[in-house]
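Quick notes on the structure that follows.
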Amino acid sequence: MSDILSLTAVELGKAIKAGTYTAVDAMKAVIEQIEKCEETVHAYVTIDKEAALAKAAEAQKKIEAGELTGPLAGVPVAIKDNMCTEGMLTTCSSKILSNFVPTFSSEAVINLEKAGAVVIGKTNMDEFAMGSTTETSYYGVTRNPRNPEHVPGGSSGGSAAAVAAQECFFALGSDTGGSIRQPASYCGVVGLKPTYGTVSRYGLIAYGSSLDQIGPLCKDVTDCATILETIASHDPKDSTSMKREDTDFTSALVKDVKGMKIGIPKSYFGEGLQEDVKEAVLAVAEKLKELGAEVEEFDLDHVKYAIPTYYTIADAEASSNLERFDGVKYGYRAEDADELHRMYKKTRSEGFGPEVKRRIMLGSFVLSSGYYDAYYLKALRVKALIKKAFDDAFAKYDIILGPVAPTTAPKLGCSLSNPMQMYLGDIYTISVNLAGLPGISVPCGTDKNGLPIGVQMIGDCFAEKKLIRAAYTYEQAAKEV
Amino acid sequence: MAKEYETVIGLEVHVELATKTKIFCGCSTAFGGAPNTHTCPVCTGMPGSLPVLNKQVVEYAMAVGLATNCDITQNCKFDRKNYFYPDNPQNYQISQLYLPICRNGHVDIETESGVKKAVRIHEIHMEEDAGKLVHDEWEDASLVDYNRSGVPLIEIVSEPDMRSAEEVIAYLEKLRQTIQYLGASDCKLQEGSMRADVNLSVREVGAEKFGTRTEMKNLNSFRAIQHAIEGEKNRQIDLIEAGKEVVQETRRWDDNKAESYPMRSKEDAQDYRYFPDPDLVPIHISDEWIERVKAAQPEMAPEKKVRYKEEFDLPDYDIGIITGTKQMADIFEETTAICGNPKKVSNWLMGETLRLMKETGTDPEDLSFSPKHLADLIAMVDKKEINSSVAKEVFEKIFAEDIDPVAYVDEKGLKTVNDEGALRKTIEEIVAANPQSVADYKGGKEKAIGFLVGQTMKAMKGKADPGSVNEILREVLAQQ
């Protein structure tokens, strides 16, 4: 049974179709692995074994009846706990949603279920996706399966850890400022943040609505393209969802980068970047060059403004998005509050953790009367400039290549005491969200302590296929060595 | 010499739009319904739900803007207005602050005393309504009903151009008429589909600077608006005369007590932290779209007035009343189209219809009888099948229950008796039974004939044609 766990999602799908395994075998293997690892890793907030087995049996029947024929039919999947799942607890890793069971599922989850993937449970995350380590969860920290002394990254740390620990075959995460790519890099898995509007946000509990995007965390680039192809859809329920004709992402799984123009932003390799991370990432560029790509360094403007811009916009939106958690309609309500506004204050004081409160306060401040122009409006203008800088870069390059994070996974307990330092760790990922671009994180070796390193490839809007082609080419070439 | 004061008034008018579904979801906007039955994840603010704009809301808002001479903001968007209250499920209201859909319009008004002026419109914006809190005294609890949550509203904000309650009423009536003609709303103050908040300040006549204003809420009839304006004007003048200052605040009008009290003052004014709603994309309104909405505008009251004068030659006063509401104008036009006699239709509307509306307290927009039934009634009178008093009686039934007059008259046996022999026989009997009246008539008392006509009609149970009765009676009397 143990070799089943080492299969990728697509390999497993094929094996189920071929009758080598059943969907129930796969689910049982995953449950066994969860029982073995979960005590250490703690990737999940909610696991419903019985329901998962029942759904796996149902999927198996449909596969045998020829009703489910897709590549992910019967494959167990874990869902980040900020995506609504009908009838299954959805907490955002917060106390304030500790009892919240949605009446509907996210569009992305529905798309997966239609394709026959089977949901095992909900993965741990930084509370409301605010954090880079999964340490701000109300339900305890998740540990990095590659080294349990270290964080898995965040905010989709549970999803990345579940994939790395083989506690699922793939997972969904969400990325507002790097929350898929950074944990993927820390845990040594593949993670992709699609172009804004590619995957419906309906059912994703919003953090920064203009930046949030759902994407896959998985074992390789083939899985990544396959999952993205399955979850991408135009959804009339999401006004920011886009109609795309080019969602046949698996067609880009081609080992060929000849003539591809790759730009390396000089400023991504300056101070603060861990030396072995730098070497590993530049080695990827070198490898692609060997394979026929044209690689060139260039100056990407406005990089240093990305962090203040991001935290202004994301926190402003979050301060408003999180207002609905007030103890009135659902979720946690403080006891013994004898008056409405005291109930609000007590509920929110007790229900939210410190990082969430910090961001609500920052966000409320930048939107408040007298400060709106100086902060929020200015941030929107800088956001436009950052987009322009990327537009200029993509006039010259097919993809931009750089690190995902300045360091490999830090040790548990080191990050939260210095939030400013933690925010600075998002330097390479957040501008991608501000510009609405797709970005992929692909494993590219380990540091001197054996911790995984990820390389980030960034594409122009709608250029996922270029990312997939470059990432696939590198991945295949790296295997050959 | 006592100082003279001028009242300066601006209005914020909320109008509930007549769309079938809510502004950001597919739930019904129908009034009533058991609590929380017209709801879904979007209008109850469930986590993960997202708003999708109802295009009809934009069309109605544009139609009202175009009819009030506004500029249409061709790139407009929605903003979030953040405040905590349980009737507001997301704790922000989706509204428009930075780029409202319509700006810089005006409405021409004429007051009853003949003042003509233009009231400028600052802006019209689209927004969602809130739910309703129900306080359960028995359980000592508050419950929320989200059926109204997400019902589309437009807010029409005027400039401070009005100077009296009379002007305010004229402005509101003009707005109501315009919006009803467009079919964008039924604009019922009592039911809350039209709500007006009054911003009022006073200043000495000739002063250039405005005084400190207050905002008055909870005005749900023209009468309440009138009273509130008078009351607030006097309250502010009294304060100024006493050397005190008017405090900028929101006040709530209690029409039963005929006084207002403060709701919240400027000191605890909320910071709504408005910002563009990232869940909704900006709305682009093309020239073609504007042209389409313009082309679909119905004939409005001013054009109707001119046309009625030319086409039907009715008195100005009657035209004013008939075109005053779309419902009345529609009934007039449809009835006239059937019976071809605009004067008679107008007479029925100006006479019996207005009388019954007054008696029963019916608003013109609630008139519900069918033009066909009024046309049938007019035809029956024309053909002398019924006399005018029977016709009035039948019309009361049409007005109240929209009965079919032909069937009703038939069933109740109300048709005029046209059997001359029977009528002559009755008259001869009446004349024989009333020798004194006959003598009076012969003695030159013309009035006495009235008594005899009345007696005849009574004997005929009202079903005789008064003209025929008169004629035959004179013949019979002449033979005496």
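For the structure tokens, the naming scheme is as follows: chains receive sequential letters (A, B, ...) according to their order of presentation, residues are indexed from 1 within each chain, and ligands are indexed from 1 in presentation order.
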- Message: Residues of chain A were defined as contacting chain B if any atom lay at most 7 Å from it, counting only C-alpha atoms; please report them as an NGL selection string.
- Response: :A and (84 or 202-206 or 209-210 or 237-240 or 320 or 323-324 or 328 or 367-369)
- Task: Run DSSP on the backbone and give me the residues of segment 128-272 of chain B it puts in helix (DSSP H, G or I), as a PyMOL selection string.
- Result: chain B and resi 165-182+222-241+266-268
- Message: One decimal, in Å: what's the spacing between atom CA of Val254 of chain A and atom CA of Gly13 of chain A?
- Response: 20.4 Å
Which residues are near segment 225-229 of chain B? Cut-off 8 Å, only C-alpha atoms, ignore same chain within fewer than 3 positions. Put them as a CSV table (one decimal) with N, CA and C atoms, in the first residue's frame.
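Produced file around-v7.csv, reproduced below:
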chain,number,residue,atom,x,y,z
B,164,SER,N,-39.4,76.5,1.3
B,164,SER,CA,-40.7,76.4,2.0
B,164,SER,C,-41.2,75.0,1.9
B,165,ALA,N,-42.1,74.6,2.8
B,165,ALA,CA,-42.7,73.3,2.8
B,165,ALA,C,-43.5,73.1,1.5
B,166,GLU,N,-44.1,74.2,1.0
B,166,GLU,CA,-44.8,74.1,-0.2
B,166,GLU,C,-43.9,73.7,-1.4
B,169,ILE,N,-43.0,70.0,-1.1
B,169,ILE,CA,-44.1,69.1,-1.5
B,169,ILE,C,-44.2,69.1,-3.0
B,198,VAL,N,-35.2,65.3,5.4
B,198,VAL,CA,-35.2,66.8,5.2
B,198,VAL,C,-34.0,67.4,5.9
B,200,LEU,N,-32.4,70.9,6.9
B,200,LEU,CA,-33.0,72.2,7.0
B,200,LEU,C,-32.1,73.1,7.8
B,216,MET,N,-33.7,65.7,9.3
B,216,MET,CA,-34.9,65.1,9.9
B,216,MET,C,-35.3,63.8,9.2
B,219,LEU,N,-40.1,60.6,8.1
B,219,LEU,CA,-41.2,61.4,7.5
B,219,LEU,C,-42.0,60.5,6.5
B,220,ASN,N,-43.1,60.0,6.9
B,220,ASN,CA,-43.7,59.1,6.0
B,220,ASN,C,-45.1,59.5,5.4
B,221,SER,N,-45.3,60.8,5.3
B,221,SER,CA,-46.4,61.3,4.6
B,221,SER,C,-46.1,62.8,4.2
B,222,PHE,N,-46.8,63.3,3.2
B,222,PHE,CA,-46.6,64.7,2.9
B,222,PHE,C,-46.9,65.6,4.1
B,232,GLU,N,-39.4,72.3,12.7
B,232,GLU,CA,-38.0,72.5,12.8
B,232,GLU,C,-37.6,73.9,12.5
B,233,LYS,N,-38.3,74.6,11.6
B,233,LYS,CA,-38.0,76.0,11.3
B,233,LYS,C,-38.2,76.8,12.6
B,253,TRP,N,-38.5,62.6,13.6
B,253,TRP,CA,-39.8,63.3,13.8
B,253,TRP,C,-40.9,62.4,14.3
B,255,ASP,N,-44.7,62.2,14.4
B,255,ASP,CA,-45.8,63.0,13.9
B,255,ASP,C,-47.0,63.0,14.9
B,258,ALA,N,-46.1,65.6,17.2
B,258,ALA,CA,-45.7,66.8,16.4
B,258,ALA,C,-44.4,67.5,17.0
B,259,GLU,N,-43.4,66.6,17.3
B,259,GLU,CA,-42.1,67.2,17.7
B,259,GLU,C,-41.0,66.2,17.3
B,260,SER,N,-39.8,66.7,17.3
B,260,SER,CA,-38.7,65.9,16.9
B,260,SER,C,-37.7,65.8,18.1
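For segment 234-241 of chain B, the set of protein, DNA and RNA residues having any atom at most 9 Å away, when counting only C-alpha atoms and skipping those fewer than 5 positions along the same chain, is Lys3, Tyr5, Ser201, Val202, Arg203, Ile229 and Val246 of chain B.
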If you keep N, CA, C and O atoms, can you produce a file of those selected residues as a PDB file, in the first residue's frame?
ATOM      1  N   LYS B   3     -36.435  90.241  13.359  1.00  0.00           N
ATOM      2  CA  LYS B   3     -35.655  89.750  12.230  1.00  0.00           C
ATOM      3  C   LYS B   3     -36.532  88.871  11.347  1.00  0.00           C
ATOM      4  O   LYS B   3     -37.414  88.174  11.830  1.00  0.00           O
ATOM      5  N   TYR B   5     -36.556  85.638   8.787  1.00  0.00           N
ATOM      6  CA  TYR B   5     -35.734  84.449   8.500  1.00  0.00           C
ATOM      7  C   TYR B   5     -36.173  83.766   7.214  1.00  0.00           C
ATOM      8  O   TYR B   5     -37.325  83.832   6.820  1.00  0.00           O
ATOM      9  N   SER B 201     -31.993  74.365   7.364  1.00  0.00           N
ATOM     10  CA  SER B 201     -31.334  75.379   8.182  1.00  0.00           C
ATOM     11  C   SER B 201     -32.088  76.684   7.985  1.00  0.00           C
ATOM     12  O   SER B 201     -32.874  76.807   7.039  1.00  0.00           O
ATOM     13  N   VAL B 202     -31.885  77.621   8.878  1.00  0.00           N
ATOM     14  CA  VAL B 202     -32.490  78.950   8.690  1.00  0.00           C
ATOM     15  C   VAL B 202     -31.379  79.996   8.687  1.00  0.00           C
ATOM     16  O   VAL B 202     -30.296  79.771   9.217  1.00  0.00           O
ATOM     17  N   ARG B 203     -31.650  81.095   8.041  1.00  0.00           N
ATOM     18  CA  ARG B 203     -30.707  82.214   8.063  1.00  0.00           C
ATOM     19  C   ARG B 203     -31.518  83.489   7.915  1.00  0.00           C
ATOM     20  O   ARG B 203     -32.655  83.466   7.423  1.00  0.00           O
ATOM     21  N   ILE B 229     -41.264  70.342   8.789  1.00  0.00           N
ATOM     22  CA  ILE B 229     -40.558  71.540   8.299  1.00  0.00           C
ATOM     23  C   ILE B 229     -40.965  72.763   9.132  1.00  0.00           C
ATOM     24  O   ILE B 229     -40.102  73.517   9.595  1.00  0.00           O
ATOM     25  N   VAL B 246     -27.710  76.324  16.921  1.00  0.00           N
ATOM     26  CA  VAL B 246     -28.302  75.115  16.367  1.00  0.00           C
ATOM     27  C   VAL B 246     -27.190  74.065  16.302  1.00  0.00           C
ATOM     28  O   VAL B 246     -26.077  74.370  15.882  1.00  0.00           O
TER      29      VAL B 246
END
- Message: Give me the residues near Arg469 of chain A as JSON, numbers by chain, where near means some atom within 10 Å (using only C-alpha atoms) and where sequence neighbours in that chain fewer than 4 positions away do not count.
- Response: {"A": [221, 222, 225, 249, 250, 251, 252, 253, 254, 255, 256, 257, 260, 464, 465, 473, 474, 475]}
Once you have the residues from the selection above, write them out as a compact mmCIF listing (two decimals), in the first residue's frame, restricted to all heavy atoms.
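Okay, this is what ended up in result-v5.txt:
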# COMPACT_ATOMS: atom_id res chain seq x y z
N VAL A 221 4.42 19.28 -11.77
CA VAL A 221 3.85 20.28 -12.68
C VAL A 221 2.68 19.69 -13.48
O VAL A 221 1.72 20.39 -13.79
CB VAL A 221 4.95 20.84 -13.61
CG1 VAL A 221 4.37 21.86 -14.59
CG2 VAL A 221 6.06 21.48 -12.78
N THR A 222 2.77 18.40 -13.77
CA THR A 222 1.68 17.74 -14.51
C THR A 222 0.39 17.80 -13.68
O THR A 222 -0.69 18.16 -14.20
CB THR A 222 2.04 16.27 -14.82
OG1 THR A 222 3.28 16.27 -15.53
CG2 THR A 222 0.96 15.61 -15.64
N ALA A 225 -1.00 21.45 -13.73
CA ALA A 225 -1.74 21.84 -14.93
C ALA A 225 -3.11 21.15 -14.97
O ALA A 225 -4.12 21.75 -15.35
CB ALA A 225 -0.93 21.45 -16.17
N PHE A 249 -4.83 23.76 -19.91
CA PHE A 249 -3.46 23.97 -19.43
C PHE A 249 -2.55 22.76 -19.64
O PHE A 249 -1.34 22.90 -19.78
CB PHE A 249 -3.49 24.38 -17.96
CG PHE A 249 -4.22 25.67 -17.73
CD1 PHE A 249 -5.46 25.70 -17.10
CD2 PHE A 249 -3.68 26.87 -18.18
CE1 PHE A 249 -6.13 26.89 -16.90
CE2 PHE A 249 -4.36 28.07 -17.99
CZ PHE A 249 -5.59 28.09 -17.35
N THR A 250 -3.14 21.55 -19.67
CA THR A 250 -2.28 20.36 -19.83
C THR A 250 -1.62 20.33 -21.21
O THR A 250 -0.61 19.66 -21.39
CB THR A 250 -3.09 19.06 -19.61
OG1 THR A 250 -4.29 19.14 -20.37
CG2 THR A 250 -3.46 18.88 -18.15
N SER A 251 -2.19 21.09 -22.16
CA SER A 251 -1.57 21.11 -23.49
C SER A 251 -0.20 21.79 -23.45
O SER A 251 0.59 21.67 -24.38
CB SER A 251 -2.48 21.85 -24.48
OG SER A 251 -2.50 23.23 -24.15
N ALA A 252 0.08 22.49 -22.34
CA ALA A 252 1.38 23.18 -22.22
C ALA A 252 2.45 22.30 -21.55
O ALA A 252 3.56 22.76 -21.29
CB ALA A 252 1.21 24.47 -21.43
N LEU A 253 2.11 21.06 -21.26
CA LEU A 253 3.09 20.16 -20.64
C LEU A 253 4.04 19.65 -21.72
O LEU A 253 3.97 18.51 -22.17
CB LEU A 253 2.38 18.99 -19.93
CG LEU A 253 1.57 19.41 -18.70
CD1 LEU A 253 0.62 18.30 -18.26
CD2 LEU A 253 2.51 19.80 -17.55
N VAL A 254 4.89 20.56 -22.16
CA VAL A 254 5.79 20.27 -23.27
C VAL A 254 7.21 20.60 -22.81
O VAL A 254 7.45 21.65 -22.23
CB VAL A 254 5.44 21.17 -24.49
CG1 VAL A 254 6.40 20.91 -25.64
CG2 VAL A 254 4.00 20.94 -24.92
N LYS A 255 8.12 19.68 -23.08
CA LYS A 255 9.50 19.91 -22.64
C LYS A 255 10.25 20.67 -23.73
O LYS A 255 10.90 20.09 -24.57
CB LYS A 255 10.17 18.56 -22.34
CG LYS A 255 11.40 18.70 -21.49
CD LYS A 255 12.13 17.38 -21.34
CE LYS A 255 13.60 17.64 -21.02
NZ LYS A 255 14.40 16.43 -21.14
N ASP A 256 10.09 21.97 -23.68
CA ASP A 256 10.73 22.80 -24.70
C ASP A 256 10.72 24.27 -24.29
O ASP A 256 9.66 24.86 -24.14
CB ASP A 256 9.98 22.63 -26.04
CG ASP A 256 10.58 23.51 -27.13
OD1 ASP A 256 11.72 24.00 -26.94
OD2 ASP A 256 9.90 23.70 -28.16
N VAL A 257 11.89 24.85 -24.10
CA VAL A 257 11.95 26.28 -23.79
C VAL A 257 12.81 27.02 -24.81
O VAL A 257 13.27 28.13 -24.55
CB VAL A 257 12.51 26.54 -22.36
CG1 VAL A 257 11.51 26.12 -21.31
CG2 VAL A 257 13.86 25.84 -22.17
N MET A 260 12.60 30.81 -25.55
CA MET A 260 11.82 31.48 -24.51
C MET A 260 12.68 32.54 -23.84
O MET A 260 13.84 32.29 -23.51
CB MET A 260 11.32 30.45 -23.49
CG MET A 260 10.29 31.01 -22.53
SD MET A 260 9.73 29.73 -21.37
CE MET A 260 8.13 29.34 -22.02
N GLU A 464 -0.37 31.44 -18.06
CA GLU A 464 -0.11 30.22 -17.28
C GLU A 464 0.58 29.16 -18.13
O GLU A 464 1.42 28.41 -17.64
CB GLU A 464 -1.42 29.64 -16.73
CG GLU A 464 -1.95 30.30 -15.48
CD GLU A 464 -2.83 31.48 -15.78
OE1 GLU A 464 -2.89 31.90 -16.95
OE2 GLU A 464 -3.47 32.00 -14.84
N LYS A 465 0.21 29.08 -19.40
CA LYS A 465 0.78 28.02 -20.24
C LYS A 465 2.29 28.17 -20.38
O LYS A 465 3.02 27.17 -20.41
CB LYS A 465 0.11 28.01 -21.61
CG LYS A 465 -1.27 27.35 -21.56
CD LYS A 465 -1.86 27.26 -22.94
CE LYS A 465 -3.25 26.67 -22.88
NZ LYS A 465 -3.94 26.80 -24.16
N THR A 473 9.51 21.82 -18.18
CA THR A 473 10.81 21.58 -18.82
C THR A 473 11.91 21.46 -17.76
O THR A 473 12.72 20.53 -17.79
CB THR A 473 11.14 22.72 -19.80
OG1 THR A 473 10.06 22.83 -20.73
CG2 THR A 473 12.44 22.45 -20.55
N TYR A 474 11.89 22.40 -16.81
CA TYR A 474 12.91 22.36 -15.74
C TYR A 474 12.77 21.08 -14.91
O TYR A 474 13.75 20.38 -14.64
CB TYR A 474 12.82 23.60 -14.85
CG TYR A 474 13.63 23.41 -13.60
CD1 TYR A 474 15.04 23.43 -13.65
CD2 TYR A 474 13.02 23.12 -12.38
CE1 TYR A 474 15.80 23.20 -12.53
CE2 TYR A 474 13.78 22.88 -11.24
CZ TYR A 474 15.17 22.92 -11.33
OH TYR A 474 15.93 22.65 -10.22
N GLU A 475 11.52 20.80 -14.52
CA GLU A 475 11.25 19.64 -13.66
C GLU A 475 11.74 18.34 -14.31
O GLU A 475 12.39 17.51 -13.67
CB GLU A 475 9.74 19.58 -13.41
CG GLU A 475 9.28 18.46 -12.49
CD GLU A 475 7.76 18.36 -12.50
OE1 GLU A 475 7.18 17.99 -13.55
OE2 GLU A 475 7.14 18.68 -11.47
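Look at Glu396 of chain B: the protein and nucleic acid residues within 10 Å of it, using only C-alpha atoms and passing over chain neighbours fewer than 6 places away, are Glu352, Thr353, Leu356, Asp402 and Ile403 of chain B.
If you look at atom CA of Val453 of chain B and atom CA of Ala433 of chain B, they are 13.2 Å away from each other.
Residues with any atom within 8 Å of His14 of chain B, counting only C-alpha atoms and excluding same-chain neighbours fewer than 2 positions away, are Glu12, Glu16, Leu153, Ile154, Glu155, Ile156, Ser193, Met194, Arg195 and Ala196 of chain B.
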- Task: Considering only C-alpha atoms, state which residue in the set A:Cys224, A:Val151, A:Ile16, A:Ile453 is at the smallest distance from Ile4 of chain A.
- Result: A:Ile16
- Ser468 of chain B proximity check over B:Glu310, B:Glu208, B:Glu334, B:Glu420, using only C-alpha atoms: winner is B:Glu420
Expected answer as a short mmCIF file (atom, residue, chain, number, x, y, z; two decimals) with C-alpha atoms, in the first residue's frame: strand (DSSP E) residues in segment 93-133 of chain B:
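The file below, states.cif, is the result:
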data_model
loop_
_atom_site.label_atom_id
_atom_site.label_comp_id
_atom_site.auth_asym_id
_atom_site.auth_seq_id
_atom_site.Cartn_x
_atom_site.Cartn_y
_atom_site.Cartn_z
CA GLN B 93 -23.81 48.64 2.83
CA ILE B 94 -22.98 48.57 -0.87
CA SER B 95 -23.65 52.10 -2.07
CA CYS B 102 -26.15 60.45 -12.07
CA ARG B 103 -25.02 64.00 -11.31
CA ASN B 104 -25.92 67.64 -11.92
CA GLY B 105 -29.61 67.45 -12.76
CA HIS B 106 -32.63 69.55 -12.03
CA VAL B 107 -36.38 69.28 -11.61
CA ASP B 108 -38.73 72.12 -12.60
CA ILE B 109 -41.42 72.69 -10.02
CA GLU B 110 -44.48 74.87 -9.73
CA LYS B 116 -41.90 78.36 -10.54
CA LYS B 117 -38.30 77.29 -10.04
CA ALA B 118 -35.74 74.65 -10.80
CA VAL B 119 -34.54 72.48 -7.91
CA ARG B 120 -31.04 71.22 -8.68
CA ILE B 121 -30.13 67.59 -8.15
CA HIS B 122 -26.65 67.04 -6.77
CA GLU B 123 -26.56 63.30 -7.49
CA ILE B 124 -28.49 60.07 -7.71
CA HIS B 125 -26.80 56.93 -6.48
CA MET B 126 -27.71 53.24 -6.30
CA GLU B 127 -27.56 51.23 -3.09
CA GLU B 128 -29.01 48.25 -1.24
CA LYS B 132 -35.67 44.82 9.38
CA LEU B 133 -35.27 44.41 13.12
#
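Take atom CA of Ser179 of chain A and atom CA of Lys396 of chain A: the distance between them is 27.8 Å.
Take the candidates A:Gly351, A:Gly191, A:Gly121, A:Gly177 and check each one against Glu335 of chain A using only C-alpha atoms; the shortest distance goes to A:Gly351.
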